[in-house]
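Encoded as structure tokens, the structure appears first; notes follow it.
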Amino acid sequence: MKPTRVLLPINSKGTTATCSDVAFGLARRFEAELEVLHPCPPPSQRLPYATELSPVYFEAYLDVSRKQVEYEEKQAVAWFEKAAAKWDDVESQLLTVEGLVGPAIAQRAKTADFSVLPTVSAADDEMFGEARDAALFSSGRPALFVPDEASDHIGETVVIAWKDSVESARAVAAAAPFLEGARRVRLISLVPDGEPEDETATAMANYLKAACLPVELTSAPLGARDVGDAILEEAGSGVLLVMGGYGRWRWQEWVFGGATDHVLRNTDVAVLMSH
């Protein structure tokens with residue numbers, strides 16, 4: 001089934017130019033609807049919780065917050081109208097939801113084929129941080145992370161960073177629309193020193209070949225490289241990278257480092273992830 005809806009979360013100032021172009025471009029390619037989502041915390045959720053205010057000051061602060069919400073919503077509308085005019089052949093709509101960023105994005109992402117968000121290096125602010133977490137962890141759907149350097153032709157070459165894990169299998173399934181239109185598909189399996197090649201990599205390559213996809217299987221020695229570095233090095237430039245996201249507990253990635261976090265911070269290619 002081809003994609004039906006693409007979700008593009010934005011803040012009041014929109015999103016990165018590359019992220020916007022990728023989302024609109026993919027909606028055009030797949031003939032899908034683009035839903036631009038602007039989650040906007042309501043006035044009641046902008047109050048200083050740690051501060052006790054008298055009723056008079058409380059109402060004054062609430063009034064200021066209401067005006068701020070109205071201003072942010074107008075900014076979002078202006079950004080959307082400008083972006084939509086550039087892509088007037090794409091069916092798109094702006095949805096402003098008053099509520100916390102995470103829950104709002106998680107709810108709408110559940111009914112989208114994938115969400116399009118900037119990578120950490122492209123937008124490292126609190127709103128997009130919450131948006132990335134919600135789309136990847138709380139929606140059950142894949143997320144496409146886009147750096148500023150991403151190619152305009154995402155998916156001509158697809159690179160699958162394969163690992164014998166549930167997350168990798170889900171990522172391959174999520175990538176089906178991209179795989180069907182790819183000119184080249186590379187499946188990469190990293191092999192640590194002293195360990196045998198991953199038999200499941202061969203099995204997955206054969207599965208994709210049975211679907212008439214142009215798959216090339218590469219088993220690359222990991223050597224002394226970190227996994228994240230090795231994935232990006234083997235993937236190369238100008239590709240769509242497909243991989244599982246956070247195969248171990250998130251706190252372990254924070255404390256010990258991990259491939260997912262490294263890729264999201266350092267990639268110069270678009271990455272389709274599934275958790």
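Residue numbers start at 1 in each chain; chains themselves are named A, B, ... in the order of the structure tokens; ligands are numbered from 1 in the order shown.
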Any chance you could list, as a list in words, the residues in region 71-155 of chain A that come up strand (DSSP E or B) when DSSP is run on the backbone?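 Those residues are Ser92, Gln93, Leu94, Leu95, Thr96, Val97, Glu98, Phe114, Ser115, Val116, Leu117, Pro118, Ala143, Leu144, Phe145 and Val146 of chain A.
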Leaving out region 95-103 of chain A and any residue of its chain fewer than 6 positions from it, which residues lie within 8 Å of it when counting only C-alpha atoms, given as number ranges by chain? A: 35-42, 73, 127, 130-131, 133-134
Could you dump the residues just selected with N, CA, C and O atoms as a short mmCIF file (atom, residue, chain, number, x, y, z; two decimals), in the first residue's frame?
data_model
loop_
_atom_site.label_atom_id
_atom_site.label_comp_id
_atom_site.auth_asym_id
_atom_site.auth_seq_id
_atom_site.Cartn_x
_atom_site.Cartn_y
_atom_site.Cartn_z
N GLU A 35 0.11 16.51 6.07
CA GLU A 35 -0.46 17.18 7.22
C GLU A 35 0.64 17.91 7.97
O GLU A 35 1.57 17.30 8.48
N VAL A 36 0.56 19.22 7.99
CA VAL A 36 1.52 20.05 8.71
C VAL A 36 0.95 20.30 10.10
O VAL A 36 -0.12 20.90 10.24
N LEU A 37 1.64 19.83 11.11
CA LEU A 37 1.12 19.87 12.47
C LEU A 37 1.87 20.90 13.31
O LEU A 37 3.09 20.84 13.45
N HIS A 38 1.10 21.83 13.87
CA HIS A 38 1.68 22.84 14.76
C HIS A 38 1.13 22.63 16.17
O HIS A 38 0.03 23.08 16.49
N PRO A 39 1.87 21.91 17.02
CA PRO A 39 1.44 21.75 18.41
C PRO A 39 1.76 23.02 19.19
O PRO A 39 2.89 23.50 19.16
N CYS A 40 0.76 23.55 19.86
CA CYS A 40 0.93 24.84 20.53
C CYS A 40 0.41 24.73 21.97
O CYS A 40 -0.80 24.60 22.18
N PRO A 41 1.30 24.76 22.97
CA PRO A 41 0.85 24.68 24.36
C PRO A 41 -0.13 25.81 24.67
O PRO A 41 0.14 26.97 24.38
N PRO A 42 -1.29 25.49 25.25
CA PRO A 42 -2.29 26.51 25.55
C PRO A 42 -1.85 27.42 26.69
O PRO A 42 -0.87 27.10 27.40
N GLU A 73 0.39 31.15 16.57
CA GLU A 73 -0.49 30.53 15.57
C GLU A 73 -0.47 31.33 14.26
O GLU A 73 -0.48 30.75 13.17
N MET A 127 11.64 21.86 21.40
CA MET A 127 10.42 21.43 20.72
C MET A 127 10.71 20.27 19.78
O MET A 127 10.01 19.25 19.80
N GLU A 130 11.48 17.00 21.61
CA GLU A 130 10.27 16.31 22.05
C GLU A 130 9.55 15.68 20.86
O GLU A 130 8.99 14.59 20.97
N ALA A 131 9.58 16.37 19.73
CA ALA A 131 8.89 15.86 18.54
C ALA A 131 9.55 14.58 18.04
O ALA A 131 8.86 13.62 17.66
N ASP A 133 11.30 12.40 19.80
CA ASP A 133 11.00 11.33 20.74
C ASP A 133 9.58 10.81 20.56
O ASP A 133 9.35 9.59 20.57
N ALA A 134 8.63 11.71 20.42
CA ALA A 134 7.23 11.31 20.29
C ALA A 134 7.00 10.50 19.02
O ALA A 134 6.32 9.47 19.03
#
With region 21-29 of chain A as the partner and 9 Å as the cut-off, tabulate the residues of region 107-201 of chain A that qualify, each row holding the nearest pair of atoms and their distance in Å to one decimal, using only C-alpha atoms, sorted by chain and rising number, as JSON lines.
{"residue": "A:Ser115", "atom": "CA", "partner": "A:Ala23", "partner_atom": "CA", "distance": 8.5}
{"residue": "A:Val116", "atom": "CA", "partner": "A:Ala23", "partner_atom": "CA", "distance": 6.2}
{"residue": "A:Leu117", "atom": "CA", "partner": "A:Ala23", "partner_atom": "CA", "distance": 8.8}
{"residue": "A:Val146", "atom": "CA", "partner": "A:Val22", "partner_atom": "CA", "distance": 7.9}
{"residue": "A:Ala150", "atom": "CA", "partner": "A:Val22", "partner_atom": "CA", "distance": 8.6}
{"residue": "A:Ser151", "atom": "CA", "partner": "A:Val22", "partner_atom": "CA", "distance": 8.7}
{"residue": "A:Asp152", "atom": "CA", "partner": "A:Val22", "partner_atom": "CA", "distance": 6.9}
{"residue": "A:His153", "atom": "CA", "partner": "A:Val22", "partner_atom": "CA", "distance": 8.6}
{"residue": "A:Ile154", "atom": "CA", "partner": "A:Val22", "partner_atom": "CA", "distance": 7.9}
Taking 5 positions as the minimum chain separation for residues in the same chain, which residues sit within 12 Å of Ala203 (chain A) when counting only C-alpha atoms? Answer as a VMD selection string. chain A and resid 162 to 164 169 187 189 197 to 198 208 to 210 215 217
Closest of A:Ala171, A:Val242, A:Glu91, A:Ser274 to Val185 (chain A), counting only C-alpha atoms, is A:Val242
So how far away is CA of Ala143 (chain A) from CA of Ser219 (chain A), in Å?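 A separation of 26.0 Å between them.
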Just how far from CA of Lys86 (chain A) is CA of Gln68 (chain A), in Å to one decimal?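 For CA of Gln68 (chain A) relative to CA of Lys86 (chain A), the distance reads 27.7 Å.
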Minimum-distance residue to Ala205 (chain A), chosen among A:Phe178, A:Leu222, A:Val172, A:Leu94 (using only C-alpha atoms):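 Under the stated criterion, the closest residue is A:Val172.
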Provide the CA of Thr111 (chain A) to CA of Gly140 (chain A) distance in Å, to one decimal place.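 Interatomic distance, CA of Thr111 (chain A) to CA of Gly140 (chain A): 9.7 Å.
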Would you please work out which residue, of A:Glu31, A:Ala182, A:Val166, A:Thr16, is nearest to Val90 (chain A) when using only C-alpha atoms?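 Closest candidate: A:Glu31.
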